[in-house]
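File shown: entry_20.cif (mmCIF, C-alpha atoms).
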data_coords
loop_
_atom_site.label_atom_id
_atom_site.label_comp_id
_atom_site.auth_asym_id
_atom_site.auth_seq_id
_atom_site.Cartn_x
_atom_site.Cartn_y
_atom_site.Cartn_z
CA MET A 6 69.10 186.81 118.61
CA ILE A 7 71.88 185.63 120.94
CA PHE A 8 69.49 184.14 123.55
CA LEU A 9 67.83 181.86 121.00
CA LYS A 10 71.21 180.91 119.54
CA LEU A 11 72.54 179.96 122.98
CA SER A 12 69.39 178.03 123.81
CA TRP A 13 69.26 176.17 120.48
CA THR A 14 72.99 175.37 120.49
CA PHE A 15 72.90 173.93 123.99
CA PHE A 16 69.61 172.14 123.28
CA LYS A 17 71.34 170.26 120.43
CA ILE A 18 74.30 169.50 122.68
CA GLY A 19 72.00 168.16 125.40
CA LEU A 20 70.00 166.12 122.90
CA PHE A 21 72.91 164.33 121.23
CA SER A 22 75.33 163.88 124.12
CA PHE A 23 74.84 160.29 125.17
CA GLY A 24 77.19 159.35 127.98
CA GLY A 25 76.89 162.32 130.32
CA GLY A 26 78.91 165.45 130.94
CA TYR A 27 82.27 164.26 129.63
CA ALA A 28 80.65 163.13 126.39
CA MET A 29 79.26 166.67 125.98
CA ILE A 30 82.69 168.31 126.21
CA PRO A 31 83.68 167.80 122.52
CA LEU A 32 80.31 169.18 121.38
CA ILE A 33 80.55 172.21 123.67
CA GLN A 34 84.14 172.77 122.53
CA GLN A 35 83.07 172.70 118.88
CA ALA A 36 80.19 175.11 119.55
CA ILE A 37 82.36 177.67 121.31
CA GLN A 38 84.97 177.50 118.55
CA GLU A 39 82.39 177.95 115.78
CA ASN A 40 80.71 180.89 117.56
CA GLY A 41 83.84 182.44 119.12
CA TRP A 42 82.19 182.65 122.53
CA ILE A 43 85.28 181.89 124.67
CA GLU A 44 88.86 180.64 124.19
CA ALA A 45 89.70 176.91 124.41
CA LYS A 46 91.99 177.49 127.41
CA GLU A 47 89.21 179.28 129.27
CA PHE A 48 86.85 176.40 128.49
CA ALA A 49 89.39 173.91 129.91
CA ASP A 50 89.51 176.03 133.08
CA ILE A 51 85.69 176.05 133.28
CA VAL A 52 85.58 172.26 133.18
CA ALA A 53 88.32 172.02 135.82
CA VAL A 54 86.36 174.38 138.10
CA SER A 55 83.15 172.45 137.35
CA GLN A 56 84.80 169.40 138.93
CA MET A 57 84.95 171.28 142.24
CA THR A 58 81.50 172.91 142.16
CA PRO A 59 78.08 171.29 142.65
CA GLY A 60 76.13 170.26 139.58
CA PRO A 61 76.83 168.52 136.28
CA ILE A 62 79.70 169.70 134.07
CA ALA A 63 77.44 170.49 131.12
CA ILE A 64 75.10 172.70 133.15
CA ASN A 65 77.99 174.54 134.82
CA ALA A 66 79.69 175.06 131.46
CA ALA A 67 76.46 176.20 129.76
CA THR A 68 75.72 178.63 132.59
CA TYR A 69 79.23 180.12 132.47
CA ILE A 70 79.31 180.42 128.67
CA GLY A 71 75.82 181.95 128.70
CA VAL A 72 76.68 184.58 131.31
CA LYS A 73 80.00 185.36 129.61
CA THR A 74 78.28 185.74 126.23
CA ALA A 75 74.99 187.45 127.09
CA GLY A 76 74.79 188.13 130.82
CA VAL A 77 72.33 186.59 133.29
CA TRP A 78 69.62 185.99 130.67
CA GLY A 79 72.19 184.30 128.46
CA SER A 80 73.05 181.91 131.27
CA ALA A 81 69.35 181.17 131.85
CA PHE A 82 68.73 180.38 128.16
CA ALA A 83 71.90 178.27 127.81
CA THR A 84 71.16 176.32 131.01
CA LEU A 85 67.54 175.71 130.00
CA GLY A 86 68.68 174.63 126.53
CA VAL A 87 71.13 172.01 127.82
CA SER A 88 68.74 170.70 130.52
CA LEU A 89 65.52 170.45 128.51
CA PRO A 90 66.48 167.47 126.27
CA SER A 91 67.37 165.33 129.30
CA PHE A 92 64.03 166.13 130.92
CA ILE A 93 62.11 165.28 127.73
CA LEU A 94 64.09 162.07 127.09
CA VAL A 95 63.71 160.81 130.67
CA VAL A 96 59.94 161.33 130.50
CA LEU A 97 59.74 159.48 127.17
CA ILE A 98 62.06 156.68 128.26
CA SER A 99 60.17 156.11 131.50
CA LYS A 100 56.99 155.64 129.46
CA PHE A 101 58.35 153.40 126.72
CA LEU A 102 61.56 151.64 127.82
CA ILE A 103 59.88 149.21 130.22
CA LYS A 104 57.37 148.28 127.53
CA PHE A 105 59.95 147.86 124.76
CA LYS A 106 63.14 146.90 126.64
CA GLU A 107 63.14 143.38 125.12
CA ASN A 108 62.69 144.85 121.62
CA TYR A 109 65.57 143.95 119.27
CA ILE A 110 65.70 147.46 117.71
CA ILE A 111 65.86 149.19 121.12
CA GLU A 112 68.62 146.81 122.26
CA SER A 113 70.56 147.45 119.04
CA VAL A 114 70.22 151.23 119.41
CA LEU A 115 71.51 151.11 123.00
CA LYS A 116 74.42 148.84 122.01
CA GLY A 117 75.25 151.21 119.14
CA ILE A 118 75.29 154.23 121.44
CA ARG A 119 77.84 152.72 123.87
CA PRO A 120 80.89 152.92 121.53
CA VAL A 121 80.14 156.53 120.56
CA THR A 122 80.12 157.39 124.26
CA ILE A 123 83.66 156.02 124.56
CA GLY A 124 84.71 158.04 121.52
CA LEU A 125 83.25 161.28 122.87
CA VAL A 126 84.80 160.81 126.32
CA SER A 127 88.16 159.94 124.68
CA SER A 128 87.93 163.14 122.65
CA ALA A 129 87.46 165.07 125.91
CA VAL A 130 90.54 163.35 127.37
CA ILE A 131 92.63 164.38 124.34
CA PHE A 132 91.34 167.97 124.60
CA PHE A 133 92.42 168.21 128.25
CA ALA A 134 95.77 166.59 127.50
CA GLU A 135 96.37 169.25 124.82
CA MET A 136 95.42 171.99 127.28
CA SER A 137 97.57 170.74 130.16
CA ILE A 138 100.15 168.04 129.40
CA PHE A 139 101.15 169.04 125.84
CA LYS A 140 102.31 172.55 124.97
CA HIS A 141 100.22 172.67 121.77
CA GLU A 142 97.52 170.76 119.91
CA LEU A 143 98.51 167.28 118.81
CA PRO A 144 99.14 167.02 115.04
CA PHE A 145 96.60 164.26 114.35
CA GLU A 146 96.73 164.71 110.58
CA LYS A 147 100.50 164.10 110.56
CA ILE A 148 100.17 161.20 113.02
CA LYS A 149 97.61 159.56 110.71
CA TYR A 150 99.98 159.76 107.72
CA MET A 151 102.90 158.53 109.81
CA LEU A 152 100.89 155.47 110.96
CA MET A 153 100.06 154.76 107.32
CA GLY A 154 103.81 154.85 106.51
CA LYS A 155 103.49 158.01 104.41
CA GLY A 156 105.27 160.50 106.60
CA ILE A 157 108.30 161.05 108.77
CA PRO A 158 108.13 160.48 112.53
CA ILE A 159 106.85 163.62 114.25
CA PHE A 160 107.07 162.55 117.89
CA SER A 161 110.24 164.63 118.33
CA LYS A 162 108.13 167.72 117.55
CA ILE A 163 105.60 167.03 120.32
CA GLU A 164 106.45 169.18 123.33
CA ILE A 165 105.39 167.96 126.77
CA GLU A 166 104.94 169.91 130.01
CA PRO A 167 106.98 167.63 132.37
CA SER A 168 105.46 168.83 135.65
CA ALA A 169 101.88 168.39 134.34
CA LEU A 170 102.76 164.88 133.09
CA LEU A 171 104.24 164.05 136.50
CA ILE A 172 101.06 165.21 138.28
CA PHE A 173 98.99 163.11 135.86
CA PHE A 174 100.95 159.93 136.63
CA ILE A 175 101.03 160.54 140.40
CA ILE A 176 97.25 160.98 140.55
CA LEU A 177 96.59 158.13 138.08
CA ILE A 178 98.61 155.69 140.21
CA ALA A 179 97.12 157.02 143.45
CA VAL A 180 93.54 156.60 142.18
CA LYS A 181 93.94 153.27 140.34
CA LYS A 182 96.39 151.43 142.59
CA PHE A 183 95.75 152.95 146.01
CA LYS A 184 92.04 153.82 145.48
CA MET A 185 92.49 157.48 146.45
CA ASN A 186 89.22 159.35 146.91
CA PRO A 187 88.56 161.52 143.78
CA ILE A 188 87.88 164.61 145.93
CA PHE A 189 91.21 164.16 147.70
CA ALA A 190 92.84 163.57 144.28
CA VAL A 191 91.59 166.97 143.05
CA ILE A 192 92.90 168.67 146.21
CA CYS A 193 96.29 166.92 145.86
CA SER A 194 96.45 167.93 142.19
CA ALA A 195 95.88 171.57 143.12
CA LEU A 196 98.61 171.41 145.77
CA LEU A 197 101.01 169.67 143.37
CA GLY A 198 100.22 172.35 140.80
CA ILE A 199 101.24 175.07 143.28
CA VAL A 200 104.51 173.27 144.04
CA LEU A 201 105.49 171.98 140.60
CA ILE A 202 104.02 174.32 137.98
#

Rendering of file as structure tokens:
Amino acid sequence: MIFLKLSWTFFKIGLFSFGGGYAMIPLIQQAIQENGWIEAKEFADIVAVSQMTPGPIAINAATYIGVKTAGVWGSAFATLGVSLPSFILVVLISKFLIKFKENYIIESVLKGIRPVTIGLVSSAVIFFAEMSIFKHELPFEKIKYMLMGKGIPIFSKIEIEPSALLIFFIILIAVKKFKMNPIFAVICSALLGIVLI
């Protein structure tokens, strides 16, 4: 049944996505590809819109995918699925973390989770770069062999969208160097998109 599949899929995503909404993006992307729920480009658009709407990215994405796949009830099951693990974990953590926060095993687990969060967020960054800055998916298999000295350079085959790359650098410099407000950065990006793309 599609409702149970949506709920169970998003429950697993919510349960294993340490690091917040951006860390969930690779897991959601994998789930939609395996199940054929929506296209990758549409998913990239959902996340972009989620930046401008209230609520966490994961909940907005789950709600959209649920409604697109199985209507209003689909959105309810997907949203409940992605939200429930956080609720359960927060209740458990509030009971036990204070008691065991000095425990070596708990400290080791938390330290072990931090690097995977960086990896998951980095995977989300690469996904968005492929959907906006590059004209196709990056050939990671060929890049791996090239770095090992077993292949020919393939950078000449990577096609870049110049206007998207320009917007990326303008906003990156504005946010990092000039401390531009993120909301204003999103608005400026939209306006630059109208002008340049």

Review point. Restricting the calculation to all atoms listed in the file, which member of A:Ile202, A:Leu20, A:Met29, A:Leu94 is positioned closest to Ile123 in chain A?
Key: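 Of A:Ile202, A:Leu20, A:Met29, A:Leu94, the one nearest Ile123 in chain A, counting all atoms listed in the file, is A:Met29.
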
Exercise for review: Kindly resolve the PyMOL selection byres ((chain A and resi 163-174) around 7) on the present coordinates and return the residues as a VMD selection string.
Suggested key: chain A and resid 137 to 140 160 to 162 175 to 178 194 197 201 to 202

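Taking CA of Trp42 in chain A as the reference point, CA of Ala67 in chain A is found at 11.3 Å.
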
Exercise for review: Name the residues that the PyMOL selection byres ((chain A and resi 128) around 10) pulls out of this structure, and write them as a ChimeraX atom specification.
Suggested key: /A:27-32,122-127,129-134

Please produce a file of the residues just selected, as a PDB file, in the frame of the given file, where the atoms kept are C-alpha atoms.
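For reference, selection_23.pdb as written:
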ATOM      1  CA  TYR A  27      82.270 164.260 129.630  1.00  0.00           C
ATOM      2  CA  ALA A  28      80.650 163.130 126.390  1.00  0.00           C
ATOM      3  CA  MET A  29      79.260 166.670 125.980  1.00  0.00           C
ATOM      4  CA  ILE A  30      82.690 168.310 126.210  1.00  0.00           C
ATOM      5  CA  PRO A  31      83.680 167.800 122.520  1.00  0.00           C
ATOM      6  CA  LEU A  32      80.310 169.180 121.380  1.00  0.00           C
ATOM      7  CA  THR A 122      80.120 157.390 124.260  1.00  0.00           C
ATOM      8  CA  ILE A 123      83.660 156.020 124.560  1.00  0.00           C
ATOM      9  CA  GLY A 124      84.710 158.040 121.520  1.00  0.00           C
ATOM     10  CA  LEU A 125      83.250 161.280 122.870  1.00  0.00           C
ATOM     11  CA  VAL A 126      84.800 160.810 126.320  1.00  0.00           C
ATOM     12  CA  SER A 127      88.160 159.940 124.680  1.00  0.00           C
ATOM     13  CA  ALA A 129      87.460 165.070 125.910  1.00  0.00           C
ATOM     14  CA  VAL A 130      90.540 163.350 127.370  1.00  0.00           C
ATOM     15  CA  ILE A 131      92.630 164.380 124.340  1.00  0.00           C
ATOM     16  CA  PHE A 132      91.340 167.970 124.600  1.00  0.00           C
ATOM     17  CA  PHE A 133      92.420 168.210 128.250  1.00  0.00           C
ATOM     18  CA  ALA A 134      95.770 166.590 127.500  1.00  0.00           C
TER      19      ALA A 134
END

**Study point:** From A:Thr74, A:Thr14, A:Ser80, A:Asn108, residue lying nearest Glu44 in chain A [only C-alpha atoms]
**Key:**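 The answer is A:Thr74, which sits nearest to Glu44 in chain A.
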
Exercise for review: Measure the distance from CA of Ala83 in chain A to CA of Ile118 in chain A in Å and round it to one decimal.
Suggested key: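 CA of Ile118 in chain A lies at a distance of 25.1 Å from CA of Ala83 in chain A.
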
Point to revise | Who sits within 7 Å of range 49-54 of chain A, only C-alpha atoms, same chain under 3 positions skipped, as a PyMOL selection string | key: chain A and resi 45-46+57-58+62+66+133+136

Keeping only C-alpha atoms, take the residues you just selected and write them out as a compact mmCIF listing (two decimals), in the coordinates of the input.
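Produced file again.txt, reproduced below:
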# COMPACT_ATOMS: atom_id res chain seq x y z
CA ALA A 45 89.70 176.91 124.41
CA LYS A 46 91.99 177.49 127.41
CA MET A 57 84.95 171.28 142.24
CA THR A 58 81.50 172.91 142.16
CA ILE A 62 79.70 169.70 134.07
CA ALA A 66 79.69 175.06 131.46
CA PHE A 133 92.42 168.21 128.25
CA MET A 136 95.42 171.99 127.28

Check your understanding: On this structure, which residues satisfy the PyMOL selection byres ((chain A and resi 15) around 9), written as a list of chain:residue names?
Key -> A:Lys10, A:Leu11, A:Ser12, A:Trp13, A:Thr14, A:Phe16, A:Lys17, A:Ile18, A:Gly19, A:Leu20, A:Ile33, A:Ala36, A:Ala67, A:Phe82, A:Ala83, A:Thr84, A:Leu85, A:Gly86, A:Val87, A:Ser88

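Considering all atoms listed in the file, the residue among A:Ser99, A:Ser91, A:Gln56, A:Gln38 positioned nearest to Ile70 in chain A is A:Gln38.
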
Could you pull range 15-142 of chain A out of the block above and give me C-alpha atoms, as an mmCIF file, in the first residue's frame?
data_model
loop_
_atom_site.group_PDB
_atom_site.id
_atom_site.type_symbol
_atom_site.label_atom_id
_atom_site.label_comp_id
_atom_site.auth_asym_id
_atom_site.auth_seq_id
_atom_site.Cartn_x
_atom_site.Cartn_y
_atom_site.Cartn_z
ATOM 1 C CA PHE A 15 10.208 8.780 5.286
ATOM 2 C CA PHE A 16 10.369 7.255 8.780
ATOM 3 C CA LYS A 17 13.726 5.667 7.853
ATOM 4 C CA ILE A 18 14.913 8.963 6.368
ATOM 5 C CA GLY A 19 13.931 10.832 9.535
ATOM 6 C CA LEU A 20 15.539 8.215 11.755
ATOM 7 C CA PHE A 21 18.953 8.122 10.076
ATOM 8 C CA SER A 22 19.408 11.735 8.991
ATOM 9 C CA PHE A 23 21.682 13.199 11.619
ATOM 10 C CA GLY A 24 22.523 16.804 10.836
ATOM 11 C CA GLY A 25 19.142 18.248 9.902
ATOM 12 C CA GLY A 26 17.345 18.954 6.658
ATOM 13 C CA TYR A 27 20.355 19.232 4.360
ATOM 14 C CA ALA A 28 21.677 15.906 5.616
ATOM 15 C CA MET A 29 18.322 14.335 4.665
ATOM 16 C CA ILE A 30 18.526 15.504 1.046
ATOM 17 C CA PRO A 31 20.737 12.615 -0.228
ATOM 18 C CA LEU A 32 18.461 10.062 1.466
ATOM 19 C CA ILE A 33 15.301 11.647 0.046
ATOM 20 C CA GLN A 34 16.949 11.838 -3.379
ATOM 21 C CA GLN A 35 17.824 8.137 -3.244
ATOM 22 C CA ALA A 36 14.292 7.210 -2.141
ATOM 23 C CA ILE A 37 12.607 9.124 -4.955
ATOM 24 C CA GLN A 38 14.968 7.614 -7.523
ATOM 25 C CA GLU A 39 14.392 4.057 -6.281
ATOM 26 C CA ASN A 40 10.600 4.483 -6.213
ATOM 27 C CA GLY A 41 10.247 6.759 -9.265
ATOM 28 C CA TRP A 42 8.073 9.212 -7.352
ATOM 29 C CA ILE A 43 9.360 12.441 -8.964
ATOM 30 C CA GLU A 44 12.219 13.574 -11.227
ATOM 31 C CA ALA A 45 15.538 14.801 -9.767
ATOM 32 C CA LYS A 46 15.054 18.269 -11.303
ATOM 33 C CA GLU A 47 11.636 18.575 -9.693
ATOM 34 C CA PHE A 48 13.136 17.555 -6.351
ATOM 35 C CA ALA A 49 15.819 20.262 -6.694
ATOM 36 C CA ASP A 50 13.025 22.781 -7.323
ATOM 37 C CA ILE A 51 11.139 21.545 -4.232
ATOM 38 C CA VAL A 52 14.176 22.144 -2.035
ATOM 39 C CA ALA A 53 14.696 25.599 -3.550
ATOM 40 C CA VAL A 54 11.051 26.494 -2.829
ATOM 41 C CA SER A 55 11.376 25.000 0.669
ATOM 42 C CA GLN A 56 14.027 27.633 1.387
ATOM 43 C CA MET A 57 11.394 30.332 0.903
ATOM 44 C CA THR A 58 8.494 28.666 2.738
ATOM 45 C CA PRO A 59 8.013 28.163 6.483
ATOM 46 C CA GLY A 60 9.038 24.846 7.994
ATOM 47 C CA PRO A 61 11.964 22.445 7.720
ATOM 48 C CA ILE A 62 13.159 21.275 4.293
ATOM 49 C CA ALA A 63 12.532 17.603 5.057
ATOM 50 C CA ILE A 64 8.919 18.154 6.112
ATOM 51 C CA ASN A 65 8.190 20.380 3.115
ATOM 52 C CA ALA A 66 9.780 17.859 0.754
ATOM 53 C CA ALA A 67 7.964 14.900 2.356
ATOM 54 C CA THR A 68 4.636 16.732 2.174
ATOM 55 C CA TYR A 69 5.131 17.632 -1.499
ATOM 56 C CA ILE A 70 6.296 14.154 -2.518
ATOM 57 C CA GLY A 71 3.417 12.593 -0.566
ATOM 58 C CA VAL A 72 0.756 14.776 -2.195
ATOM 59 C CA LYS A 73 2.299 14.312 -5.641
ATOM 60 C CA THR A 74 2.415 10.524 -5.183
ATOM 61 C CA ALA A 75 -0.823 9.755 -3.322
ATOM 62 C CA GLY A 76 -2.814 12.947 -2.760
ATOM 63 C CA VAL A 77 -3.620 14.579 0.587
ATOM 64 C CA TRP A 78 -3.463 11.306 2.544
ATOM 65 C CA GLY A 79 -0.093 10.573 0.967
ATOM 66 C CA SER A 80 1.221 13.908 2.210
ATOM 67 C CA ALA A 81 -0.132 13.203 5.711
ATOM 68 C CA PHE A 82 1.554 9.780 5.883
ATOM 69 C CA ALA A 83 4.867 11.042 4.453
ATOM 70 C CA THR A 84 4.932 14.050 6.802
ATOM 71 C CA LEU A 85 4.088 11.906 9.834
ATOM 72 C CA GLY A 86 6.752 9.391 8.804
ATOM 73 C CA VAL A 87 9.545 11.969 8.571
ATOM 74 C CA SER A 88 8.503 13.790 11.786
ATOM 75 C CA LEU A 89 7.920 10.824 14.093
ATOM 76 C CA PRO A 90 11.579 9.715 14.524
ATOM 77 C CA SER A 91 12.626 13.213 15.641
ATOM 78 C CA PHE A 92 9.831 13.293 18.204
ATOM 79 C CA ILE A 93 10.771 9.853 19.560
ATOM 80 C CA LEU A 94 14.511 10.621 19.632
ATOM 81 C CA VAL A 95 14.051 13.974 21.390
ATOM 82 C CA VAL A 96 11.927 12.328 24.089
ATOM 83 C CA LEU A 97 14.532 9.575 24.596
ATOM 84 C CA ILE A 98 17.485 11.969 24.525
ATOM 85 C CA SER A 99 15.879 14.326 27.036
ATOM 86 C CA LYS A 100 15.508 11.384 29.426
ATOM 87 C CA PHE A 101 18.940 9.828 29.018
ATOM 88 C CA LEU A 102 21.461 12.355 27.663
ATOM 89 C CA ILE A 103 21.761 14.388 30.869
ATOM 90 C CA LYS A 104 22.307 11.192 32.841
ATOM 91 C CA PHE A 105 24.867 9.710 30.430
ATOM 92 C CA LYS A 106 26.452 12.784 28.807
ATOM 93 C CA GLU A 107 29.830 12.082 30.461
ATOM 94 C CA ASN A 108 29.711 8.456 29.272
ATOM 95 C CA TYR A 109 32.636 7.553 26.970
ATOM 96 C CA ILE A 110 30.436 5.514 24.579
ATOM 97 C CA ILE A 111 27.883 8.338 24.192
ATOM 98 C CA GLU A 112 30.678 10.854 23.548
ATOM 99 C CA SER A 113 32.241 8.519 20.969
ATOM 100 C CA VAL A 114 28.904 8.003 19.199
ATOM 101 C CA LEU A 115 28.299 11.765 18.974
ATOM 102 C CA LYS A 116 31.855 12.376 17.704
ATOM 103 C CA GLY A 117 31.372 9.618 15.119
ATOM 104 C CA ILE A 118 28.125 11.149 13.869
ATOM 105 C CA ARG A 119 29.663 14.591 13.180
ATOM 106 C CA PRO A 120 31.776 13.551 10.141
ATOM 107 C CA VAL A 121 28.869 11.694 8.509
ATOM 108 C CA THR A 122 26.825 14.886 8.814
ATOM 109 C CA ILE A 123 29.481 16.737 6.810
ATOM 110 C CA GLY A 124 29.452 13.969 4.202
ATOM 111 C CA LEU A 125 25.667 14.029 3.839
ATOM 112 C CA VAL A 126 25.521 17.832 3.576
ATOM 113 C CA SER A 127 28.388 17.752 1.027
ATOM 114 C CA SER A 128 26.437 15.201 -1.002
ATOM 115 C CA ALA A 129 23.487 17.617 -1.030
ATOM 116 C CA VAL A 130 25.783 20.421 -2.237
ATOM 117 C CA ILE A 131 27.028 18.241 -5.112
ATOM 118 C CA PHE A 132 23.438 17.302 -6.037
ATOM 119 C CA PHE A 133 22.433 20.982 -6.274
ATOM 120 C CA ALA A 134 25.580 21.845 -8.216
ATOM 121 C CA GLU A 135 24.689 19.124 -10.742
ATOM 122 C CA MET A 136 21.144 20.475 -11.005
ATOM 123 C CA SER A 137 22.118 24.129 -11.433
ATOM 124 C CA ILE A 138 25.783 24.915 -12.143
ATOM 125 C CA PHE A 139 26.725 21.862 -14.242
ATOM 126 C CA LYS A 140 24.758 20.820 -17.323
ATOM 127 C CA HIS A 141 24.841 17.122 -16.382
ATOM 128 C CA GLU A 142 25.792 14.795 -13.534
#
